[in-house]
$ cat structure.txt   # compact mmCIF, C-alpha atoms and all ligand atoms
# COMPACT_ATOMS: atom_id res chain seq x y z
CA MET W 1042 83.31 124.81 126.68
CA GLN W 1043 83.04 121.29 128.06
CA LEU W 1044 84.56 118.73 125.69
CA LYS W 1045 82.95 115.32 125.47
CA PHE W 1046 86.33 113.60 125.02
CA LEU W 1047 89.78 114.57 126.17
CA PRO W 1048 91.57 115.61 122.93
CA SER W 1049 93.70 112.75 121.59
CA PHE W 1050 95.36 115.01 119.02
CA VAL W 1051 97.36 118.20 118.91
CA LYS W 1052 95.51 120.73 116.77
CA ARG W 1053 98.48 121.37 114.50
CA LYS W 1054 98.14 124.64 112.69
CA GLY W 1055 100.52 123.44 110.00
CA ARG W 1056 100.82 125.36 106.82
CA ILE W 1057 97.87 124.91 104.55
CA THR W 1058 98.95 125.19 100.94
CA ARG W 1059 96.92 126.92 98.26
CA LYS W 1060 96.17 123.58 96.70
CA GLN W 1061 94.87 122.21 100.03
CA THR W 1062 92.76 125.35 100.59
CA HIS W 1063 91.30 124.94 97.13
CA SER W 1064 90.57 121.24 97.73
CA LEU W 1065 88.98 121.91 101.11
CA ARG W 1066 86.31 124.00 99.36
CA SER W 1067 84.88 120.77 97.96
CA LEU W 1068 85.23 118.75 101.16
CA SER W 1069 81.44 118.47 101.55
CA GLU W 1070 81.24 116.38 98.34
CA PHE W 1071 83.33 113.71 100.04
CA SER W 1072 82.15 114.05 103.63
CA VAL W 1073 80.11 111.73 105.76
CA LYS W 1074 78.53 112.97 108.95
CA ASN W 1075 76.89 109.95 110.50
CA ILE W 1076 76.79 106.18 110.69
CA GLN W 1077 73.56 105.88 108.74
CA GLU W 1078 75.17 107.57 105.71
CA ILE W 1079 78.11 105.16 105.92
CA GLU W 1080 75.81 102.18 106.20
CA ASP W 1081 73.82 103.29 103.14
CA LEU W 1082 76.98 103.84 101.09
CA SER W 1083 78.59 100.59 102.19
CA LYS W 1084 75.75 98.60 100.58
CA HIS W 1085 77.31 99.42 97.20
CA PHE W 1086 80.69 97.94 98.14
CA ASP W 1087 82.05 94.51 99.12
CA LYS W 1088 83.67 95.73 102.34
CA CYS W 1089 83.93 98.85 104.44
CA TYR W 1090 87.24 99.90 106.04
CA LEU W 1091 87.81 102.69 108.55
CA GLU W 1092 91.19 104.42 108.84
CA ILE W 1093 91.49 106.64 111.90
CA GLY W 1094 94.03 109.49 111.80
CA PHE W 1095 95.00 109.14 108.13
CA GLY W 1096 97.51 112.03 108.40
CA ASN W 1097 98.88 112.83 104.96
CA ALA W 1098 96.57 110.23 103.41
CA GLU W 1099 99.29 108.09 101.77
CA ASN W 1100 97.83 104.85 103.06
CA ILE W 1101 94.14 105.51 102.44
CA ILE W 1102 94.83 106.64 98.85
CA PHE W 1103 96.96 103.56 98.23
CA GLN W 1104 94.32 101.25 99.74
CA ALA W 1105 91.42 102.84 97.89
CA THR W 1106 93.22 102.73 94.54
CA ASN W 1107 94.16 99.08 95.00
CA ASN W 1108 90.79 97.93 96.34
CA PRO W 1109 88.15 99.65 94.21
CA SER W 1110 85.38 97.37 95.43
CA TYR W 1111 85.90 98.42 99.07
CA LEU W 1112 84.63 101.61 100.68
CA PHE W 1113 87.21 103.48 102.79
CA ILE W 1114 86.13 105.91 105.49
CA GLY W 1115 88.98 108.17 106.59
CA SER W 1116 88.82 110.12 109.82
CA GLU W 1117 91.14 113.04 110.54
CA VAL W 1118 91.03 116.41 112.28
CA TYR W 1119 94.19 117.82 110.71
CA MET W 1120 92.95 120.21 107.99
CA SER W 1121 96.00 120.11 105.77
CA GLY W 1122 95.85 116.28 105.77
CA ILE W 1123 92.15 116.43 104.90
CA GLY W 1124 92.98 118.85 102.05
CA THR W 1125 95.63 116.43 100.78
CA LEU W 1126 93.13 113.57 100.80
CA VAL W 1127 90.53 115.61 98.89
CA SER W 1128 93.19 116.48 96.27
CA GLY W 1129 94.22 112.81 96.07
CA ILE W 1130 90.63 111.70 95.59
CA LYS W 1131 90.13 114.17 92.74
CA GLU W 1132 93.46 113.62 91.02
CA ASN W 1133 93.09 109.84 91.04
CA ASN W 1134 89.35 109.80 90.25
CA ILE W 1135 88.76 107.81 93.41
CA ASN W 1136 85.12 107.07 94.15
CA ASN W 1137 85.43 104.77 97.14
CA VAL W 1138 86.66 107.16 99.86
CA LYS W 1139 84.60 109.30 102.24
CA ILE W 1140 85.88 111.57 104.97
CA PHE W 1141 84.76 112.09 108.54
CA SER W 1142 86.56 115.34 109.31
CA ASP W 1143 86.24 115.34 113.08
CA ASP W 1144 87.16 113.40 116.19
CA ILE W 1145 86.29 109.80 115.32
CA ARG W 1146 84.82 109.31 118.79
CA LEU W 1147 81.97 111.64 117.83
CA LEU W 1148 81.02 109.21 115.05
CA LEU W 1149 81.44 106.15 117.26
CA ASP W 1150 79.31 107.76 119.94
CA GLN W 1151 76.23 107.26 117.74
CA SER W 1152 73.95 104.22 117.97
CA PRO W 1153 76.12 101.23 117.15
CA LYS W 1154 75.82 99.39 113.84
CA LYS W 1155 78.06 96.58 112.70
CA ILE W 1156 79.47 98.11 109.55
CA PHE W 1157 83.28 97.96 109.48
CA ASP W 1158 85.19 94.97 108.15
CA SER W 1159 88.45 96.47 109.28
CA VAL W 1160 89.72 99.35 111.41
CA ILE W 1161 93.20 100.72 110.71
CA ILE W 1162 95.14 103.04 113.00
CA ILE W 1163 98.69 103.80 111.88
CA CYS W 1164 100.83 105.57 114.49
CA PRO W 1165 98.25 107.21 116.74
CA ASP W 1166 99.60 110.30 118.53
CA PRO W 1167 102.04 108.83 121.08
CA TRP W 1168 101.66 111.33 123.93
CA PRO W 1169 105.03 110.16 125.30
CA LYS W 1170 104.98 112.06 128.62
CA GLU W 1171 103.38 110.05 131.39
CA LYS W 1172 101.16 112.94 132.47
CA HIS W 1173 99.66 112.89 128.93
CA HIS W 1174 99.04 109.14 128.66
CA LYS W 1175 95.38 109.77 129.48
CA ARG W 1176 95.11 111.51 126.10
CA ARG W 1177 96.12 108.43 124.15
CA LEU W 1178 93.39 107.36 121.75
CA ILE W 1179 93.81 103.64 122.36
CA ASN W 1180 92.32 102.81 125.72
CA GLU W 1181 89.74 100.38 127.08
CA PHE W 1182 86.83 102.72 126.39
CA PHE W 1183 87.96 103.27 122.79
CA LEU W 1184 88.38 99.53 122.09
CA LYS W 1185 84.80 99.03 123.24
CA MET W 1186 83.69 101.86 120.95
CA ILE W 1187 85.28 100.41 117.80
CA HIS W 1188 84.17 96.90 118.74
CA ASP W 1189 80.53 98.02 118.69
CA PHE W 1190 80.86 99.17 115.06
CA MET W 1191 82.81 96.18 113.74
CA LYS W 1192 81.22 93.27 111.89
CA ASP W 1193 81.44 89.83 113.48
CA ASP W 1194 84.19 88.65 111.17
CA SER W 1195 86.32 91.79 111.28
CA ASN W 1196 89.73 92.90 112.43
CA VAL W 1197 91.72 95.82 113.72
CA TYR W 1198 95.26 96.85 112.82
CA ILE W 1199 97.25 99.27 114.99
CA SER W 1200 100.89 100.28 114.68
CA THR W 1201 103.05 102.47 116.85
CA ASP W 1202 106.74 103.34 116.95
CA TRP W 1203 106.60 104.20 120.67
CA GLU W 1204 107.61 101.21 122.78
CA ASN W 1205 105.81 102.41 125.88
CA TYR W 1206 102.55 102.90 123.91
CA ALA W 1207 103.04 99.44 122.37
CA GLU W 1208 103.35 97.92 125.85
CA GLY W 1209 100.14 99.68 126.88
CA ILE W 1210 98.28 98.49 123.75
CA SER W 1211 99.51 94.94 124.26
CA GLU W 1212 98.30 94.95 127.90
CA LEU W 1213 94.93 96.37 126.89
CA PHE W 1214 94.34 93.63 124.32
CA LYS W 1215 95.50 90.94 126.75
CA GLU W 1216 93.03 92.07 129.40
CA ASN W 1217 90.28 92.69 126.87
CA LYS W 1218 87.98 89.84 125.99
CA LEU W 1219 86.45 91.60 122.97
CA PHE W 1220 89.36 90.80 120.62
CA LYS W 1221 91.75 87.92 120.01
CA PRO W 1222 95.12 87.97 118.21
CA SER W 1223 94.93 87.43 114.47
CA LEU W 1224 97.63 85.83 112.37
CA ASN W 1225 96.54 87.78 109.33
CA LYS W 1226 97.21 91.40 108.63
CA SER W 1227 93.94 92.80 107.36
CA PHE W 1228 95.51 94.82 104.57
CA TYR W 1229 98.64 95.05 102.46
CA LYS W 1230 100.71 98.22 102.25
CA ASP W 1231 103.85 98.76 100.26
CA SER W 1232 105.40 101.75 101.99
CA LEU W 1233 105.78 103.43 105.35
CA SER W 1234 103.56 106.31 106.41
CA LYS W 1235 105.08 109.68 107.27
CA PHE W 1236 105.12 108.88 110.99
CA GLU W 1237 106.36 105.32 110.48
CA ARG W 1238 109.22 106.77 108.40
CA ARG W 1239 109.97 109.39 111.03
CA GLY W 1240 110.13 106.70 113.73
CA LYS W 1241 112.49 104.62 111.61
CA ASP W 1242 114.72 107.62 110.85
CA GLU W 1243 114.89 108.39 114.55
CA GLY W 1244 115.91 104.78 115.29
CA ARG W 1245 112.64 103.48 116.76
CA ASP W 1246 111.15 100.05 116.02
CA LEU W 1247 107.65 99.66 114.64
CA PHE W 1248 105.22 97.59 116.74
CA GLU W 1249 102.22 96.17 114.91
CA PHE W 1250 99.01 94.70 116.33
CA ASN W 1251 96.54 92.55 114.42
CA TYR W 1252 93.44 91.49 116.30
CA GLU W 1253 90.08 90.11 115.34
CA LYS W 1254 86.72 90.64 116.89
CA VAL W 1255 85.55 87.87 119.16
C1 LIG R 1301 100.91 110.75 114.64
S1 LIG R 1301 99.74 111.14 113.40
C2 LIG R 1301 99.86 109.74 112.28
C3 LIG R 1301 99.33 110.07 110.92
C4 LIG R 1301 99.44 108.93 109.90
N1 LIG R 1301 98.61 107.80 110.27
C5 LIG R 1301 100.86 108.51 109.73
O1 LIG R 1301 101.21 107.41 110.21
O2 LIG R 1301 101.62 109.25 109.09
C6 LIG R 1301 98.20 110.79 114.22
C7 LIG R 1301 97.02 111.40 113.49
O3 LIG R 1301 95.82 111.00 114.14
C8 LIG R 1301 94.92 112.10 114.13
N2 LIG R 1301 93.99 111.90 115.26
C9 LIG R 1301 94.30 111.87 116.57
N3 LIG R 1301 93.22 111.69 117.32
C10 LIG R 1301 92.16 111.58 116.44
C11 LIG R 1301 90.77 111.40 116.61
N4 LIG R 1301 90.24 111.30 117.84
N5 LIG R 1301 89.99 111.35 115.52
C12 LIG R 1301 90.55 111.47 114.27
N6 LIG R 1301 91.87 111.65 114.04
C13 LIG R 1301 92.67 111.71 115.11
C14 LIG R 1301 95.82 113.32 114.31
O4 LIG R 1301 95.22 114.51 113.83
C15 LIG R 1301 97.05 112.93 113.52
O5 LIG R 1301 97.03 113.41 112.19
$ encode --input "structure.txt" --output "structure tokens"
Amino acid sequence: MQLKFLPSFVKRKGRITRKQTHSLRSLSEFSVKNIQEIEDLSKHFDKCYLEIGFGNAENIIFQATNNPSYLFIGSEVYMSGIGTLVSGIKENNINNVKIFSDDIRLLLDQSPKKIFDSVIIICPDPWPKEKHHKRRLINEFFLKMIHDFMKDDSNVYISTDWENYAEGISELFKENKLFKPSLNKSFYKDSLSKFERRGKDEGRDLFEFNYEKV
């Protein structure tokens, strides 16, 4: 099978718990499949945020709970993470989160619409070996993709705990005329994500990027 995009993720089997399996049965209630659906839903909210690779969903649940007037679209391919988010949505009676449970580039490959006020990417897979750098999600092509779906007055937040990836991201933004540095972080978070914590525990610094659409 020919893939449209080089995978930017490792399909982790992970252990799926009973609770996650149970939650995944109702995934369709919380799913979005296309941009039109997101645009229609976003009309009922003040802002629309996209978090790509939400992992164990700590951040998106925190954001959604603290910003009930914003719509949060979470994208992830990792089934146990998706199951955790569905459980979190149900347990906290959250009604402002929808899930795109596939490679985000398949969503962003649709006809562009300016719908996102903010795009958040916390610790994208680092692909540390040089021969795998081509799999890194953040590249010139990807920045163009997200740019096409961002509103005029919008911003993007990216963090990584891999210095070499941070250098690459910094270079990309410097060369790229679609974004300019922003002094404001587009969102507040009160704790580290699983991968931010892991980086810290393993002695790595966290590099953060805040840019706004030009
Ligand atoms: C290193 S983990 C970080 C998870 C979480 N943000 C955190 O900080 O704990 C990166 C996540 O991005 C997801 N991911 C990678 N490429 C993706 C893509 N193209 N579309 C959606 N999710 C993706 C992976 O499945 C993985 O769960």
$ residues_near_ligand --input "structure.txt" --ligand "ligand LIG 1301 (chain R)" --cutoff "6 Å" --atoms "only C-alpha atoms and all ligand atoms" --output "NGL selection string"
:W and (1049-1050 or 1093-1096 or 1116-1119 or 1143-1146 or 1163-1166 or 1234-1237)
$ atom_distance --input "structure.txt" --atom1 "atom CA of Lys1155 of chain W" --atom2 "atom CA of Val1127 of chain W"
26.6 Å
$ atom_distance --input "structure.txt" --atom1 "atom CA of Lys1088 of chain W" --atom2 "atom CA of Arg1177 of chain W"
28.1 Å
$ residues_around --input "structure.txt" --residues "segment 1132-1138 of chain W" --least-positions-apart "2" --cutoff "9 Å" --atoms "all atoms listed in the file" --output "PyMOL selection string"
chain W and resi 1071+1086+1101-1102+1105-1106+1108-1115+1127-1130+1140
$ closest_residue --input "structure.txt" --among "W:Asn1251, W:Asn1180, W:Asn1097, W:Gln1077" --to "Glu1212 of chain W" --atoms "all atoms listed in the file"
W:Asn1180
$ atom_distance --input "structure.txt" --atom1 "atom CA of Gly1122 of chain W" --atom2 "atom CA of Ile1057 of chain W"
8.9 Å
$ residues_near_point --input "structure.txt" --point "(81.6, 102.9, 118.5)" --cutoff "8 Å" --atoms "only C-alpha atoms" --output "ChimeraX atom specification"
/W:1146,1148-1153,1183,1185-1190
$ closest_residue --input "structure.txt" --among "W:Lys1170, W:Ile1199, W:Phe1046, W:Asp1246" --to "Ser1211 of chain W" --atoms "all atoms listed in the file"
W:Ile1199
$ residues_around --input "structure.txt" --residues "Leu1213 of chain W" --least-positions-apart "2" --cutoff "12 Å" --atoms "all atoms listed in the file" --output "number ranges by chain"
W: 1179-1185, 1206-1211, 1215-1221, 1250, 1252
